[in-house]
Structure formats: C-alpha cells, structure tokens
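Below is the file input36.cif, which contains mmCIF, C-alpha atoms.
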```
data_run
#
loop_
_atom_site.label_atom_id
_atom_site.label_comp_id
_atom_site.auth_asym_id
_atom_site.auth_seq_id
_atom_site.Cartn_x
_atom_site.Cartn_y
_atom_site.Cartn_z
CA MET F 26 0.00 0.00 0.00
CA LYS F 27 2.79 2.32 0.99
CA GLY F 28 4.55 1.80 -2.31
CA ILE F 29 1.63 3.09 -4.33
CA SER F 30 1.28 6.81 -4.42
CA PHE F 31 -0.33 9.19 -6.81
CA PRO F 32 1.53 12.46 -6.57
CA GLY F 33 -0.47 13.91 -9.44
CA LEU F 34 -3.72 12.95 -7.83
CA SER F 35 -2.77 14.36 -4.47
CA LEU F 36 -2.00 17.68 -6.12
CA LEU F 37 -5.66 17.94 -7.07
CA TYR F 38 -6.91 18.13 -3.53
CA SER F 39 -3.92 19.35 -1.58
CA ARG F 40 -3.31 23.02 -0.94
CA THR F 41 -0.42 24.91 -2.43
CA ASP F 42 2.43 25.67 -0.07
CA GLU F 43 1.31 29.28 0.12
CA GLU F 44 -2.26 28.34 1.03
CA ALA F 45 -1.02 25.86 3.58
CA MET F 46 1.28 28.45 5.14
CA CYS F 47 -1.62 30.91 5.33
CA ARG F 48 -3.62 28.27 7.20
CA VAL F 49 -0.69 27.82 9.56
CA LYS F 50 -0.41 31.57 9.98
CA THR F 51 -4.06 32.29 10.66
CA HIS F 52 -5.30 29.06 12.25
CA ASP F 53 -2.13 27.48 13.67
CA ASP F 54 -3.14 24.51 11.54
CA HIS F 55 -0.85 21.72 12.70
CA GLY F 56 -1.99 19.28 10.04
CA GLU F 57 -1.02 21.66 7.24
CA PHE F 58 2.25 22.41 9.00
CA ASP F 59 3.07 18.72 9.15
CA ARG F 60 2.36 18.43 5.44
CA LEU F 61 4.67 21.38 4.72
CA VAL F 62 7.40 19.74 6.76
CA ALA F 63 6.91 16.46 4.93
CA ARG F 64 7.17 18.21 1.56
CA TRP F 65 10.18 20.34 2.39
CA GLU F 66 12.30 18.48 4.91
CA ARG F 67 14.43 16.73 2.33
CA PRO F 68 15.52 19.83 0.37
CA ILE F 69 16.11 21.73 3.61
CA ARG F 70 18.13 18.86 5.01
CA ARG F 71 20.24 18.75 1.86
CA LEU F 72 20.89 22.48 2.02
CA CYS F 73 21.82 22.44 5.71
CA VAL F 74 24.07 19.38 5.42
CA ARG F 75 25.85 20.82 2.37
CA MET F 76 26.23 24.27 3.90
CA THR F 77 27.76 22.89 7.10
CA GLY F 78 29.45 19.86 5.53
CA ASP F 79 28.19 17.83 8.45
CA VAL F 80 25.27 15.42 8.42
CA HIS F 81 24.43 15.71 12.11
CA ARG F 82 24.70 19.46 12.29
CA GLY F 83 22.70 19.67 9.08
CA GLU F 84 19.95 17.50 10.57
CA ASP F 85 19.84 19.72 13.64
CA LEU F 86 19.66 22.83 11.50
CA LYS F 87 16.85 21.30 9.48
CA GLN F 88 14.86 20.74 12.67
CA GLU F 89 15.66 24.23 13.82
CA THR F 90 14.52 25.64 10.48
CA PHE F 91 11.05 24.19 10.91
CA VAL F 92 10.87 25.31 14.52
CA ARG F 93 11.82 28.81 13.37
CA LEU F 94 9.30 28.60 10.53
CA PHE F 95 6.51 27.93 13.00
CA GLU F 96 7.71 30.70 15.29
CA LYS F 97 7.80 33.14 12.40
CA ARG F 98 4.50 32.05 10.88
CA ARG F 99 2.91 35.45 11.58
CA ASP F 100 5.65 37.17 9.55
CA TYR F 101 4.81 35.23 6.43
CA GLN F 102 3.38 37.47 3.70
CA PRO F 103 0.92 35.56 1.52
CA THR F 104 2.08 37.54 -1.51
CA GLY F 105 5.54 36.02 -1.26
CA LYS F 106 6.55 32.53 -2.25
CA PHE F 107 6.56 30.13 0.64
CA SER F 108 9.75 28.45 -0.55
CA THR F 109 11.63 31.76 -0.60
CA PHE F 110 10.56 32.39 2.98
CA LEU F 111 11.68 28.90 4.00
CA TRP F 112 15.02 28.96 2.13
CA ARG F 113 15.90 32.27 3.77
CA ILE F 114 15.19 30.95 7.23
CA ALA F 115 17.32 27.88 6.59
CA LEU F 116 20.16 29.88 5.02
CA ASN F 117 20.23 32.39 7.86
CA LEU F 118 20.38 29.58 10.39
CA CYS F 119 23.25 28.02 8.43
CA TYR F 120 25.11 31.35 8.34
CA ASP F 121 24.60 31.79 12.10
CA GLU F 122 25.82 28.27 12.78
CA LEU F 123 28.89 28.71 10.58
CA ARG F 124 29.73 32.01 12.26
CA ARG F 125 29.40 30.40 15.69
CA GLN F 126 31.56 27.53 14.51
CA ASN F 127 34.24 29.90 13.21
CA ARG F 128 34.26 31.82 16.46
CA ARG F 129 34.58 28.64 18.47
CA HIS F 130 37.38 27.53 16.23
CA GLU F 131 39.19 30.84 16.63
CA ILE F 132 38.95 30.59 20.39
CA LEU F 133 40.12 27.00 20.41
CA THR F 134 43.10 27.53 18.14
CA SER F 135 43.71 31.05 19.53
CA GLY F 136 45.26 32.59 16.49
CA ASP F 137 46.64 29.40 15.03
CA GLU F 138 45.70 29.38 11.35
CA GLY F 139 44.48 25.79 11.29
CA ASP F 140 41.75 25.56 8.74
CA ILE F 141 38.13 24.91 9.25
CA ARG F 142 37.98 21.90 7.05
CA ASP F 143 39.64 19.84 9.77
CA MET F 144 36.72 20.56 12.00
CA ALA F 145 34.25 19.46 9.41
CA GLU F 146 36.32 16.34 8.95
CA ASP F 147 36.19 15.55 12.64
CA ALA F 148 32.45 15.83 12.54
CA LEU F 149 32.16 12.87 10.20
CA THR F 150 31.43 9.65 12.01
CA PRO F 151 33.43 6.61 10.96
CA ASP F 152 30.33 5.13 9.34
CA ALA F 153 29.68 8.22 7.31
CA ARG F 154 33.29 8.45 6.33
CA ALA F 155 33.30 4.88 5.12
CA ALA F 156 30.14 5.46 3.14
CA THR F 157 31.46 8.56 1.46
CA SER F 158 33.61 7.95 -1.54
CA GLU F 159 37.09 9.38 -1.64
CA GLU F 160 36.13 11.67 -4.47
CA GLY F 161 33.00 12.81 -2.65
CA GLU F 162 35.06 13.57 0.41
CA LEU F 163 37.42 15.64 -1.72
CA VAL F 164 34.52 17.63 -3.09
CA ARG F 165 33.06 18.14 0.37
CA LYS F 166 36.34 19.45 1.70
CA ALA F 167 36.78 21.73 -1.29
CA LEU F 168 33.33 23.22 -0.81
CA MET F 169 33.99 23.70 2.89
CA GLN F 170 37.04 25.74 2.03
CA LEU F 171 34.95 28.23 0.09
CA PRO F 172 33.58 31.24 1.92
CA GLU F 173 29.97 30.55 2.70
CA MET F 174 28.51 33.09 0.26
CA TYR F 175 30.26 31.29 -2.61
CA ARG F 176 29.29 27.91 -1.25
CA ALA F 177 25.65 28.99 -1.05
CA VAL F 178 25.35 29.93 -4.72
CA ILE F 179 26.98 26.69 -5.84
CA ILE F 180 24.74 24.60 -3.61
CA LEU F 181 21.56 26.36 -4.66
CA ARG F 182 22.39 26.22 -8.37
CA HIS F 183 23.96 22.81 -8.66
CA TYR F 184 22.38 20.67 -5.97
CA GLU F 185 19.01 22.39 -5.65
CA ASP F 186 18.76 23.20 -9.35
CA MET F 187 17.62 26.79 -8.86
CA LYS F 188 17.77 29.21 -11.74
CA LEU F 189 20.20 32.10 -11.30
CA ALA F 190 17.34 34.61 -11.12
CA ARG F 191 15.69 32.56 -8.38
CA ILE F 192 18.94 32.46 -6.39
CA ALA F 193 19.07 36.25 -6.65
CA GLU F 194 15.52 36.40 -5.30
CA VAL F 195 16.21 34.05 -2.39
CA LEU F 196 19.48 35.74 -1.43
CA GLU F 197 18.01 39.20 -2.05
CA ILE F 198 20.91 40.30 -4.22
CA PRO F 199 21.06 41.48 -7.85
CA GLU F 200 21.41 38.76 -10.47
CA GLY F 201 24.75 40.26 -11.51
CA THR F 202 26.03 39.66 -8.00
CA VAL F 203 24.90 36.05 -8.17
CA ASN F 204 26.85 35.66 -11.41
CA SER F 205 30.01 37.25 -10.07
CA ARG F 206 29.83 35.20 -6.87
CA MET F 207 29.30 32.08 -8.92
CA ALA F 208 32.26 32.89 -11.16
CA GLU F 209 34.46 33.42 -8.12
CA ALA F 210 33.14 30.24 -6.54
CA LEU F 211 33.87 28.17 -9.65
CA ALA F 212 37.33 29.68 -10.02
CA ARG F 213 38.20 28.90 -6.41
CA LEU F 214 36.69 25.45 -6.61
CA SER F 215 38.68 24.63 -9.73
CA ARG F 216 41.84 25.87 -8.09
CA ILE F 217 41.26 23.49 -5.18
CA LEU F 218 40.07 20.53 -7.21
CA GLU F 219 42.62 20.83 -10.02
CA PRO F 220 45.95 21.31 -8.34
CA ARG F 221 47.82 21.22 -11.66
CA LEU F 222 45.72 23.96 -13.07
CA LYS F 223 47.59 26.54 -15.06
CA PRO F 224 47.57 30.11 -13.75
CA LEU F 225 44.26 31.64 -14.62
CA PRO F 226 44.29 34.19 -17.40
CA PHE F 227 41.79 36.45 -15.72
CA SER F 228 43.24 36.39 -12.26
CA GLU F 229 46.59 37.42 -13.67
CA SER F 230 45.35 40.24 -15.80
CA LYS F 231 43.33 41.77 -13.01
CA PRO F 232 42.76 40.79 -9.41
CA ASN F 233 39.44 39.19 -8.65
CA PRO F 234 37.00 41.63 -7.28
CA ILE F 235 36.55 40.87 -3.64
CA ILE F 236 32.87 40.72 -2.97
CA LEU F 237 32.19 41.35 0.63
CA PRO F 238 29.49 39.15 2.02
CA LYS F 239 26.34 41.05 2.48
CA GLU F 240 25.01 40.60 5.97
CA PRO F 241 22.51 37.79 5.61
CA CYS F 242 19.13 39.34 5.70
CA VAL F 243 17.33 38.99 8.94
CA LEU F 244 13.79 38.21 8.15
CA MET O 24 42.00 39.89 -27.41
CA LYS O 25 39.25 41.23 -25.22
CA HIS O 26 37.95 38.53 -22.92
CA PRO O 27 34.35 38.55 -21.74
CA GLU O 28 33.80 39.43 -18.10
CA ARG O 29 33.93 36.36 -15.89
CA GLU O 30 30.34 36.65 -14.72
CA GLU O 31 29.15 36.65 -18.33
CA TRP O 32 30.12 33.02 -18.56
CA ILE O 33 27.81 31.97 -15.74
CA PRO O 34 24.45 31.97 -17.57
CA PHE O 35 26.26 30.37 -20.50
CA ILE O 36 27.64 27.55 -18.38
CA PHE O 37 24.29 26.85 -16.77
CA GLY O 38 22.40 26.98 -20.06
CA GLU O 39 20.53 30.16 -19.20
CA ALA O 40 22.16 32.49 -21.74
CA ASP O 41 20.01 33.83 -24.55
CA ALA O 42 20.83 32.91 -28.15
CA GLY O 43 22.82 36.07 -28.90
CA GLN O 44 25.03 35.77 -25.81
CA LYS O 45 25.51 32.11 -26.47
CA ARG O 46 26.64 32.64 -30.05
CA GLN O 47 29.02 35.41 -29.02
CA LEU O 48 30.60 33.42 -26.20
CA GLU O 49 30.87 30.28 -28.30
CA SER O 50 32.71 32.12 -31.01
CA HIS O 51 35.04 33.59 -28.40
CA LEU O 52 35.73 30.11 -27.07
CA ASP O 53 36.65 28.97 -30.57
CA ASP O 54 39.33 31.63 -30.75
CA CYS O 55 40.58 31.87 -27.18
CA ALA O 56 42.43 28.93 -25.68
CA GLU O 57 42.75 30.63 -22.30
CA CYS O 58 39.05 31.04 -21.82
CA ARG O 59 38.43 27.58 -23.23
CA ASP O 60 40.73 26.09 -20.61
CA GLU O 61 39.14 28.03 -17.81
CA ILE O 62 35.56 27.27 -18.77
CA GLN O 63 36.41 23.63 -19.27
CA SER O 64 37.97 23.47 -15.84
CA TRP O 65 34.88 25.11 -14.31
CA LYS O 66 32.69 22.55 -16.04
CA ARG O 67 34.90 19.73 -14.85
CA SER O 68 34.62 21.00 -11.28
CA LEU O 69 30.85 21.22 -11.59
CA GLY O 70 30.78 17.70 -12.97
CA ARG O 71 32.66 16.44 -9.94
CA LEU O 72 30.23 17.97 -7.44
CA ASP O 73 27.80 15.07 -7.80
CA SER O 74 30.26 12.65 -6.26
CA TRP O 75 29.44 14.17 -2.86
CA GLU O 76 26.40 12.12 -2.03
CA LEU O 77 24.55 12.62 1.18
CA PRO O 78 23.85 9.58 3.34
CA PRO O 79 20.16 8.72 3.32
CA VAL O 80 18.10 10.05 6.19
CA ALA O 81 19.27 8.09 9.18
CA LYS O 82 16.69 5.65 10.43
CA LYS O 83 16.71 5.79 14.19
CA ARG O 84 17.98 2.23 14.51
CA ALA O 85 18.91 1.41 18.04
CA ASN O 86 22.13 -0.46 18.54
CA PHE O 87 21.10 -3.47 20.57
CA ALA O 88 24.47 -5.06 21.29
CA PRO O 89 25.45 -2.88 24.28
CA LEU O 90 21.88 -2.96 25.52
CA VAL O 91 21.88 -6.77 25.58
CA LYS O 92 25.25 -6.80 27.32
CA TRP O 93 24.03 -4.44 30.03
CA ALA O 94 20.76 -6.33 30.39
CA ALA O 95 22.70 -9.58 30.88
CA ALA O 96 24.93 -7.95 33.48
CA ALA O 97 21.91 -6.54 35.28
CA ALA O 98 20.20 -9.97 35.27
CA VAL O 99 23.29 -11.64 36.70
CA MET O 100 23.53 -9.04 39.44
CA LEU O 101 19.86 -9.50 40.27
CA CYS O 102 20.21 -13.27 40.52
CA VAL O 103 23.25 -12.96 42.76
CA GLY O 104 21.48 -10.47 44.98
CA PHE O 105 18.40 -12.66 45.21
CA ALA O 106 20.45 -15.73 46.07
CA ILE O 107 22.35 -13.88 48.76
CA GLY O 108 19.07 -12.58 50.12
CA ARG O 109 17.58 -16.06 50.17
CA ILE O 110 20.54 -17.51 51.97
CA THR O 111 20.90 -14.83 54.60
CA ALA O 112 17.25 -14.10 55.37
CA ALA O 113 15.84 -15.86 58.44
CA GLN O 114 12.84 -18.17 58.06
CA MET O 115 11.04 -16.14 60.75
CA ASP O 116 11.04 -13.14 58.53
CA VAL O 117 9.27 -15.05 55.82
CA GLU O 118 6.58 -16.18 58.25
CA LYS O 119 6.13 -12.68 59.55
CA VAL O 120 5.93 -11.25 56.08
CA ARG O 121 3.48 -13.91 55.04
CA ALA O 122 1.24 -13.17 58.02
CA ALA O 123 1.35 -9.46 57.32
CA VAL O 124 0.63 -9.94 53.66
CA GLU O 125 -2.19 -12.34 54.43
CA ARG O 126 -3.79 -9.88 56.84
CA ASP O 127 -3.44 -7.13 54.36
CA LEU O 128 -4.89 -9.20 51.55
CA ARG O 129 -7.81 -10.35 53.68
CA GLY O 130 -8.60 -6.79 54.61
CA GLN O 131 -8.49 -5.73 51.00
CA LEU O 132 -10.62 -8.65 49.82
CA ALA O 133 -13.22 -7.99 52.53
CA ARG O 134 -13.41 -4.35 51.53
CA ILE O 135 -13.82 -5.25 47.91
CA ALA O 136 -16.52 -7.81 48.71
CA ARG O 137 -18.39 -5.30 50.89
CA ASP O 138 -18.29 -2.66 48.23
CA GLU O 139 -19.49 -5.14 45.66
CA ALA O 140 -22.36 -6.33 47.88
CA THR O 141 -23.49 -2.78 48.61
CA LYS O 142 -23.47 -1.99 44.96
CA THR O 143 -25.48 -5.11 44.07
CA THR O 144 -28.06 -4.47 46.79
CA SER O 145 -28.62 -0.88 45.82
CA LEU O 146 -29.06 -1.91 42.23
CA ALA O 147 -31.61 -4.60 43.19
CA ILE O 148 -33.54 -2.13 45.35
CA LYS O 149 -33.68 0.32 42.57
CA ALA O 150 -34.96 -2.27 40.11
CA LEU O 151 -37.60 -3.45 42.59
CA SER O 152 -38.87 0.04 43.32
CA GLU O 153 -39.15 0.76 39.63
CA GLU O 154 -41.15 -2.40 39.12
CA THR O 155 -43.49 -1.63 42.03
CA GLU O 156 -44.07 1.84 40.77
CA GLY O 157 -45.11 0.46 37.39
CA LYS O 158 -47.48 -2.06 38.90
CA ARG O 159 -49.10 0.56 41.09
CA ALA O 160 -49.73 2.80 38.15
CA ALA O 161 -51.38 -0.06 36.25
CA ASP O 162 -53.60 -0.95 39.23
CA LYS O 163 -54.62 2.65 39.63
CA ALA O 164 -55.69 2.84 36.02
CA VAL O 165 -57.81 -0.34 36.36
CA ILE O 166 -59.49 0.93 39.53
CA PHE O 167 -60.29 4.24 37.96
CA ALA O 168 -61.85 2.52 34.96
CA VAL O 169 -64.02 0.32 37.22
CA LEU O 170 -65.10 3.31 39.31
CA ASP O 171 -66.00 5.17 36.19
CA ARG O 172 -68.13 2.32 34.93
CA LEU O 173 -69.85 1.93 38.28
CA GLU O 174 -70.72 5.59 38.39
CA THR O 175 -72.20 5.49 34.91
CA GLN O 176 -74.27 2.44 35.85
CA HIS O 177 -75.45 4.14 38.98
CA THR O 178 -76.58 7.24 37.14
CA THR O 179 -78.43 5.18 34.55
CA ASP O 180 -80.16 3.16 37.27
CA CYS O 181 -81.23 6.28 39.13
CA LEU O 182 -82.72 7.77 36.00
CA THR O 183 -84.63 4.61 35.17
CA LEU O 184 -85.96 4.40 38.72
CA LYS O 185 -87.03 8.01 38.68
CA LYS O 186 -88.90 7.52 35.41
CA GLU O 187 -90.62 4.43 36.70
CA LEU O 188 -91.55 6.22 39.91
CA ASP O 189 -92.95 9.11 37.93
CA THR O 190 -95.02 6.75 35.82
CA LEU O 191 -96.19 5.02 38.92
CA ALA O 192 -97.11 8.32 40.55
CA ILE O 193 -99.07 9.45 37.51
CA ASN O 194 -100.84 6.11 37.28
CA ALA O 195 -101.60 6.19 40.97
CA ASP O 196 -102.92 9.71 40.71
CA ALA O 197 -105.21 8.76 37.84
CA GLY O 198 -106.40 5.68 39.71
CA LEU O 199 -107.15 7.69 42.79
CA ARG O 200 -109.08 10.27 40.83
CA GLN O 201 -111.11 7.53 39.14
CA ALA O 202 -111.81 5.90 42.46
CA GLU O 203 -112.92 9.20 43.88
CA GLU O 204 -115.30 9.76 40.95
CA GLN O 205 -116.70 6.29 41.26
CA PHE O 206 -117.10 6.86 44.96
CA VAL O 207 -119.04 10.04 44.31
CA GLN O 208 -121.15 8.28 41.75
CA PHE O 209 -121.79 5.45 44.06
CA ALA O 210 -122.76 7.82 46.82
CA ASP O 211 -125.23 9.49 44.45
CA TYR O 212 -126.79 6.18 43.61
CA SER O 213 -127.02 4.94 47.09
CA ARG O 214 -128.43 8.07 48.75
CA PRO O 215 -132.06 7.27 49.94
CA VAL O 216 -134.69 9.45 48.52
CA THR O 217 -136.58 9.68 51.78
CA GLN O 218 -136.57 13.33 52.02
CA PRO O 219 -139.59 15.10 51.23
#
```
Please express the file's structure as structure tokens.
Amino acid sequence: MKGISFPGLSLLYSRTDEEAMCRVKTHDDHGEFDRLVARWERPIRRLCVRMTGDVHRGEDLKQETFVRLFEKRRDYQPTGKFSTFLWRIALNLCYDELRRQNRRHEILTSGDEGDIRDMAEDALTPDARAATSEEGELVRKALMQLPEMYRAVIILRHYEDMKLARIAEVLEIPEGTVNSRMAEALARLSRILEPRLKPLPFSESKPNPIILPKEPCVL
Amino acid sequence: MKHPEREEWIPFIFGEADAGQKRQLESHLDDCAECRDEIQSWKRSLGRLDSWELPPVAKKRANFAPLVKWAAAAAVMLCVGFAIGRITAAQMDVEKVRAAVERDLRGQLARIARDEATKTTSLAIKALSEETEGKRAADKAVIFAVLDRLETQHTTDCLTLKKELDTLAINADAGLRQAEEQFVQFADYSRPVTQP
C-alpha cells in the first residue's frame, strides 16, 4: 500500500504551499504544517548538510529551520513565495551556525591558522566516512574551504537546481552579484580541485574583485 | 584579445544564456584557448560535485548489542542479589511477612466484597422500586376505569328508577281520581230518597 502513491492525484486536492502556510499563519493549523514539513524536509536537510558539511549538524539545523518557521508564521506574507521564505530561514540559520563555529574555532586555536575543514572532517562519524567515496570527500572538503557566500550559490544552483534569477531572489541580491559570486566560486573550486591547473588568465590580468558578504538578511 | 567578463560566462555555463550571448561566447571560445581552458575546468569541477552524495536520512535504529550486554549484566547481578538474600534471610522473617501480607490481603478482599455487595443491593432495590411503581400505576388505572363504569351504571339506574316512579305516581294519581269519581257516583246512587 505504501509503495503506491499518486503524486499527481494528491495535487488535485492538496493546498499549495502558500495556502497551507496561510492556514498555519491564521489558524495554527498543525496538520497543514506537518504536510509542509513532509514536503520540504528533504531539500532543507540537503541544504543544511551541504552548507555545514556535516550530516548531524545539518539535521539539527533542518529541525531548527522548521521550529523557526513555525515561530515566524505570523511574519509570512501571503504575496511572497513560501519556498523563498523557508530557504531564507534555513540559510540564515546556516550562516549563524557557521559564524558560531568559526568563532569557536578561533577561540580554540587562539590565532593558530588551522583551517576549518579539519573541524568538518572531525564531525564525520566513521560510518559516514566509510560510506562517502574518496572523491565525494574531496569535493566536500573543497566546498567547505569556500567562503559561505560562494558555497551557497553553488549549492543552490547545482544541488538544488535553482535558476540564477531565483537564487538572486532568495538571497536578495542582484542577479549580476549572483553571477560574479558564482564565477568566483567556480574559479576557487577549480583551483582546489585541479591542483595542476595553469595560472588563470583572468586572475593574472586583473585581481578578482573581492565581494564582501552582504550581511545575511534577517527576516 | 578582449575577454568577456567572468560573470558573463555563468548563464552560459548553466544553459541560461540567450541565443545572442551564447553565439558570441561560443565564437570567443573557438578563438581563445585561455578562456576555453578556464571554462572547461569550471565545467569539470561542476561535474565532480555530484560525487558528494549525502547519506540517506538516518533511520533511528537502536544499537542493541550494548543494551543486551548491560541487560545480561543486570540480570546476573539481580540473581546474585536474590540468592544472597535467600541464603541470609531468616525463616522467621518469611513467616512474619506472610502473616502481614495475608492480613493485608484479607482486609483488602473484605473491603472489595463489601463494596461489591453494597453496589449489588442498591441496584436490586432500585430495580424493585421501579417495578413496584409500574405495577401501582397499572392498578390505579384499572381501579379508575371500574369506578367510572360503576358511576355510569349508577346514574343510569337512578334515571330509570325516577322515570318508573314518575309513571307510577301518575298512574296512581289517575287511579285515585277515578276511584274518587266512582265513589261520588256510588254515593249518588245509594243516597235514599226519603226526604220530602
């Protein structure tokens, strides 16, 4: 019974995410909230795990995202897309967590320039490490070396398959900024992943523009 | 050669560039080995991203091995403790405990039985009173009906009697008057005509 499902059919009678969120906002409808969680927990988990590079921390952040979503239900504007609202909550929580993590790391190493990727590595349990392929582990480490604003655009575009314009909407930045962040992210990623890469023509001719991270919007 | 800005490549790489941009960038790639190398390396990096797979959502599967070990240890300790207790405890204690428990149990049983009996009795009384009430109502109805009939009979009888009495009175009256007339007549006939 469980194997048979009719996603198309269920669309006919189920509410849209926006309608469901309005129900949650105005009626504290727990049933609709549960359905929203069921629909969105996997993408949010993926985002949180990839942003932190840590399955357990990502799971925790996913939980926290939905707690925060319920707390902020009154702030939801029905004119806006529900998913945008949710992605922003999750991203802000990830940014907060990463900042906390960096601070902790700074205190622990007290000025020693040991890099953050070691921490992320420690966070992997032996099981998880065994399950992850060597190549996957390399990619994970490379992404963890990127500043989070570059990591975010790569994750949203590549793993979550968002269009560039949509990323701009979620991050509340101009599309041009998304493109320049993405270019920087890809350049850095290639430099990490392809150690024998020739010096880049662009980076020699002119230094890469340093894009300061915009303070993540507080919703 | 003038290279395109780096961010211009992004929509192109992700297949979001419009036809004009695409043509322009493609023709640049044909001519410029530097850009070709860079864009190819970006695409290679993107291609490698998929090798980072996330573990499936962890099913909360409890690890039973340590649990079993601890349970076994606990069981052993319990058995040892019980055995020691059995060996060291005096027989007197057992008797005393048994007596106490017995008293306690008896008390409890008696209380339960009493409660049960009270409950049963009150239920029976209630049922009985309901039944009596019903019977009384039925009897009352029957009596009323009989009384009603009797009264009707009585009234009818009275009326009949009165009518008969009236008839009798009228008849008697007529009889008397007739007798009186006959008497007068008779007196007329019998009076001697001796008078002058």
Discussion item. Quick check: residues of chain F within 6 Å of chain O, only C-alpha atoms, returned as a VMD selection string.
Written reply: chain F and resid 161 204 to 205 208 211 215
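Residues matching the PyMOL selection byres ((chain F and resi 122) around 12) in this structure come to Cys73, Val74, Met76, Thr77, Gly78, Asp79, Arg82, Gly83, Asp85, Leu86, Lys87, Glu89, Thr90, Ala115, Leu116, Asn117, Leu118, Cys119, Tyr120, Asp121, Leu123, Arg124, Arg125, Gln126, Asn127, Arg128, Arg129 and Glu173 of chain F.
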Item to complete: Kindly indicate which residue among F:Leu61, F:Ile132, F:Met46, F:Val80 lies nearest to F:Asp100, using only C-alpha atoms for the distances.
Response: F:Met46
Worksheet item: Between atom CA of F:Phe110 and atom CA of F:Arg93, what is the spacing in Å?
Response: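 Atom CA of F:Phe110 lies 11.1 Å from atom CA of F:Arg93.
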Worksheet entry | Distance in Å - atom CA of F:Arg191 versus atom CA of F:Trp112 |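 Between atom CA of F:Arg191 and atom CA of F:Trp112 the gap works out to 11.1 Å.
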Worksheet entry | Distance in Å - atom CA of F:His183 versus atom CA of F:Met207 |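 Distance between the two atoms: 10.7 Å.
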Can you list, as an mmCIF file with C-alpha atoms, keeping the file's coordinate frame, the residues that the PyMOL selection byres ((chain F and resi 216-219) around 8) selects here?
```cif
data_model
loop_
_atom_site.group_PDB
_atom_site.id
_atom_site.type_symbol
_atom_site.label_atom_id
_atom_site.label_comp_id
_atom_site.auth_asym_id
_atom_site.auth_seq_id
_atom_site.Cartn_x
_atom_site.Cartn_y
_atom_site.Cartn_z
ATOM 1 C CA LEU F 163 37.420 15.640 -1.720
ATOM 2 C CA VAL F 164 34.520 17.630 -3.090
ATOM 3 C CA ALA F 167 36.780 21.730 -1.290
ATOM 4 C CA ALA F 212 37.330 29.680 -10.020
ATOM 5 C CA ARG F 213 38.200 28.900 -6.410
ATOM 6 C CA LEU F 214 36.690 25.450 -6.610
ATOM 7 C CA SER F 215 38.680 24.630 -9.730
ATOM 8 C CA PRO F 220 45.950 21.310 -8.340
ATOM 9 C CA ARG F 221 47.820 21.220 -11.660
ATOM 10 C CA LEU F 222 45.720 23.960 -13.070
ATOM 11 C CA SER O 64 37.970 23.470 -15.840
ATOM 12 C CA SER O 68 34.620 21.000 -11.280
#
```
Give me the residues within 12 Å of F:Phe91 as a short mmCIF file (atom, residue, chain, number, x, y, z; two decimals) with C-alpha atoms, in the frame of the given file, counting all atoms listed in the file and dropping any in the same chain fewer than 5 places off.
```
data_model
loop_
_atom_site.label_atom_id
_atom_site.label_comp_id
_atom_site.auth_asym_id
_atom_site.auth_seq_id
_atom_site.Cartn_x
_atom_site.Cartn_y
_atom_site.Cartn_z
CA PHE F 58 2.25 22.41 9.00
CA ASP F 59 3.07 18.72 9.15
CA ARG F 60 2.36 18.43 5.44
CA LEU F 61 4.67 21.38 4.72
CA VAL F 62 7.40 19.74 6.76
CA ALA F 63 6.91 16.46 4.93
CA ARG F 64 7.17 18.21 1.56
CA TRP F 65 10.18 20.34 2.39
CA GLU F 66 12.30 18.48 4.91
CA ARG F 67 14.43 16.73 2.33
CA ILE F 69 16.11 21.73 3.61
CA ARG F 70 18.13 18.86 5.01
CA GLU F 84 19.95 17.50 10.57
CA ASP F 85 19.84 19.72 13.64
CA LEU F 86 19.66 22.83 11.50
CA GLU F 96 7.71 30.70 15.29
CA LYS F 97 7.80 33.14 12.40
CA ARG F 98 4.50 32.05 10.88
CA PHE F 110 10.56 32.39 2.98
CA LEU F 111 11.68 28.90 4.00
CA TRP F 112 15.02 28.96 2.13
CA ARG F 113 15.90 32.27 3.77
CA ILE F 114 15.19 30.95 7.23
CA ALA F 115 17.32 27.88 6.59
CA LEU F 118 20.38 29.58 10.39
#
```
